[in-house]
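Asks: Take this structure, written in structure tokens, and hold onto it; I'll ask about it next.
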Amino acid sequence: MAKKKRRSFAPIFWLVIVLILAAAAWLHTYRRSNWDQLFSRHASTAATSAPAATGCYVPASLDGHALDKSKQAAFATVEQLPSLGSGVYRIQARLVSYSLAPGKDYNLVLASLTNPALTITAQLPAAACVSNQDDGALYDELREDINLRFGTATTAAVHPPGSPTVIVTGISQHGGHSLSPVLDFRVQ
């Protein structure tokens with residue numbers, strides 16, 4: 001009787017090891033925030049507050065969670081906002097104007113859909129105002145969206161044609177008379 005030749009599993013073993021190492025390197029390099037959360041290093045390595053830049057109104061509590069906060073927003077109107085107090089709200093309004101503030105924030109003037117004389121302001125910060133790259137990228141994207149749709153902001157107020165209807169998500173500040181920072185901006 002002839003002996004059967006035994007198969008070696010060494011090549012398969014080494015292939016699996018190489019794939020695991022490649023996946024770990026990819027996770028570490030391209031998904032740094034996930035890697036930090038996995039090993040609970042995020043709190044010790046991230047800055048706990050926004051950089052001290054002029055005109056920055058970004059709460060340190062957002063640190064990397066601006067997108068998550070925007071998903072938790074409650075719907076409100078411009079009329080309701082002052083009575084609701086602080087919190088994250090999504091409002092539908094008309095974009096009356098926007099401008100570039102001295103601190104490089106975009107100041108948006110939003111009017112009520114039912115009473116155009118009733119307005120609130122919304123501040124969209126510059127990416128330099130935040131310590132987290134993800135939040136900075138979000139703010140850059142929102143600002144670029146405004147620039148592409150309505151033109152580049154200047155220190156003089158820019159009035160978009162027709163005062164378009166927008167949905168703005170932000171954190172209610174100053175007794176409900178402003179949203180700062182803006183967490184999301186959509187045109188209807």
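Identifiers in the structure tokens: chain A, B, ... in order shown; residue index from 1 per chain; ligand index from 1 in order shown.
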Determine, counting only C-alpha atoms, which protein, DNA and RNA residues have an atom within 9 Å of an atom of Ser86 (chain A); residues of the same chain fewer than 2 positions away are not included. Present the result as a ChimeraX atom specification.

Replies: /A:81-82,84,88-89,171-176

Asks: Those same residues - C-alpha atoms - I'd like them written as a PDB file, in the first residue's frame.

Replies:
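The resulting file, part28.pdb, is reproduced below:
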```pdb
ATOM      1  CA  LEU A  81     -36.430  78.664  18.775  1.00  0.00           C
ATOM      2  CA  PRO A  82     -36.258  81.426  21.450  1.00  0.00           C
ATOM      3  CA  LEU A  84     -36.857  76.181  23.413  1.00  0.00           C
ATOM      4  CA  VAL A  88     -29.492  70.974  18.791  1.00  0.00           C
ATOM      5  CA  TYR A  89     -32.249  72.017  16.390  1.00  0.00           C
ATOM      6  CA  ILE A 171     -26.784  74.442  18.375  1.00  0.00           C
ATOM      7  CA  SER A 172     -29.154  77.066  19.744  1.00  0.00           C
ATOM      8  CA  GLN A 173     -27.266  79.881  21.489  1.00  0.00           C
ATOM      9  CA  HIS A 174     -28.029  83.311  22.965  1.00  0.00           C
ATOM     10  CA  GLY A 175     -31.605  82.587  24.001  1.00  0.00           C
ATOM     11  CA  GLY A 176     -32.514  80.995  20.677  1.00  0.00           C
TER      12      GLY A 176
END
```

Asks: Report, in Å with one decimal, the straight-line distance from CA of Ala157 (chain A) to CA of Ser70 (chain A).

Replies: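 Between CA of Ala157 (chain A) and CA of Ser70 (chain A) the gap is 26.3 Å.
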
Asks: Between A:Leu110, A:Lys104, A:Trp14, A:Arg149, which residue has the minimum interatomic distance to Ala127 (chain A), considering only C-alpha atoms?

Replies: A:Lys104

Asks: Could you give me, as JSON lines, every region 146-179 of chain A residue with an atom at most 12 Å from region 113-117 of chain A, plus its closest atom pair and distance in Å to one decimal, counting only C-alpha atoms, rows ordered by chain then number?

Replies:
```
{"residue": "A:Ser163", "atom": "CA", "partner": "A:Pro116", "partner_atom": "CA", "distance": 10.3}
{"residue": "A:Pro164", "atom": "CA", "partner": "A:Leu113", "partner_atom": "CA", "distance": 10.4}
{"residue": "A:Thr165", "atom": "CA", "partner": "A:Leu113", "partner_atom": "CA", "distance": 8.2}
{"residue": "A:Val166", "atom": "CA", "partner": "A:Leu113", "partner_atom": "CA", "distance": 10.1}
{"residue": "A:Ile167", "atom": "CA", "partner": "A:Leu113", "partner_atom": "CA", "distance": 11.3}
```

Asks: Can you list, as a list in words, every protein, DNA or RNA residue that comes within 7 Å of region 133-148 of chain A when you count only C-alpha atoms, leaving out same-chain residues fewer than 4 positions away?

Replies: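 Result of the neighbour search: Gly64, Ala66, Leu124, Pro125, Ala126, Ala127, Ala128, Thr152, Ala153 and Phe185 of chain A.
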
Asks: Using only N, CA and C atoms, please write the residues we just selected to a file, as a PDB file, in the first residue's frame.

Replies:
```pdb
ATOM      1  N   GLY A  64     -15.158  66.113  17.485  1.00  0.00           N
ATOM      2  CA  GLY A  64     -15.279  64.927  16.652  1.00  0.00           C
ATOM      3  C   GLY A  64     -16.687  64.378  16.538  1.00  0.00           C
ATOM      4  N   ALA A  66     -19.621  66.374  15.662  1.00  0.00           N
ATOM      5  CA  ALA A  66     -20.551  67.317  15.035  1.00  0.00           C
ATOM      6  C   ALA A  66     -21.572  66.590  14.171  1.00  0.00           C
ATOM      7  N   LEU A 124     -21.286  79.574  10.789  1.00  0.00           N
ATOM      8  CA  LEU A 124     -20.613  78.393  10.261  1.00  0.00           C
ATOM      9  C   LEU A 124     -19.116  78.648  10.418  1.00  0.00           C
ATOM     10  N   PRO A 125     -18.462  77.957  11.359  1.00  0.00           N
ATOM     11  CA  PRO A 125     -17.068  78.255  11.674  1.00  0.00           C
ATOM     12  C   PRO A 125     -16.090  77.798  10.599  1.00  0.00           C
ATOM     13  N   ALA A 126     -14.914  78.374  10.662  1.00  0.00           N
ATOM     14  CA  ALA A 126     -13.814  77.934   9.807  1.00  0.00           C
ATOM     15  C   ALA A 126     -13.251  76.638  10.373  1.00  0.00           C
ATOM     16  N   ALA A 127     -12.639  75.830   9.529  1.00  0.00           N
ATOM     17  CA  ALA A 127     -12.054  74.562   9.978  1.00  0.00           C
ATOM     18  C   ALA A 127     -10.975  74.791  11.039  1.00  0.00           C
ATOM     19  N   ALA A 128     -10.318  75.952  10.999  1.00  0.00           N
ATOM     20  CA  ALA A 128      -9.259  76.256  11.965  1.00  0.00           C
ATOM     21  C   ALA A 128      -9.798  76.416  13.383  1.00  0.00           C
ATOM     22  N   THR A 152     -19.036  83.073  -3.591  1.00  0.00           N
ATOM     23  CA  THR A 152     -18.104  83.165  -2.480  1.00  0.00           C
ATOM     24  C   THR A 152     -18.501  84.263  -1.504  1.00  0.00           C
ATOM     25  N   ALA A 153     -18.429  83.942  -0.225  1.00  0.00           N
ATOM     26  CA  ALA A 153     -18.769  84.914   0.815  1.00  0.00           C
ATOM     27  C   ALA A 153     -17.717  86.016   0.871  1.00  0.00           C
ATOM     28  N   PHE A 185     -26.332  71.971   6.557  1.00  0.00           N
ATOM     29  CA  PHE A 185     -26.949  73.008   5.721  1.00  0.00           C
ATOM     30  C   PHE A 185     -27.443  72.350   4.457  1.00  0.00           C
TER      31      PHE A 185
END
```

Asks: Can you tell me how far CA of Leu95 (chain A) sits from CA of Thr77 (chain A), in Å to one decimal?

Replies: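 Computing it gives 13.8 Å between the two atoms.
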
Asks: Which residue gives the smallest distance to Pro181 (chain A) among A:Phe75, A:Phe150, A:Tyr106, A:Tyr98, with only C-alpha atoms counted?

Replies: A:Tyr106

Asks: When DSSP is applied to the backbone of this structure, which of region 55-182 of chain A are assigned helix (DSSP H, G or I)? Write them out as a PyMOL selection string.

Replies: chain A and resi 60-62+66-71+81-84+127-129+133-150+174-176

Asks: Quick check, in Å to one decimal: how far apart do CA of His177 (chain A) and CA of Pro161 (chain A) lie?

Replies: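 The value is 24.1 Å.
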
Asks: Region 60-116 of chain A: which residues are strand (DSSP E) by DSSP, as a list in words?

Replies: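 So the strand (DSSP E) residues in region 60-116 of chain A would be Ala74, Phe75, Ala76, Val88, Tyr89, Arg90, Ile91, Gln92, Ala93, Arg94, Leu95, Val96, Ser97, Tyr98, Ser99, Leu100, Tyr106, Asn107, Leu108, Val109, Leu110 and Ala111 of chain A.
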
Asks: Have a look at A:Val16, A:Gln92, A:Gly170, A:Ala73 and name the one nearest to Gln188 (chain A); count only C-alpha atoms.

Replies: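 With only C-alpha atoms as the atom set, the closest residue is A:Gln92.
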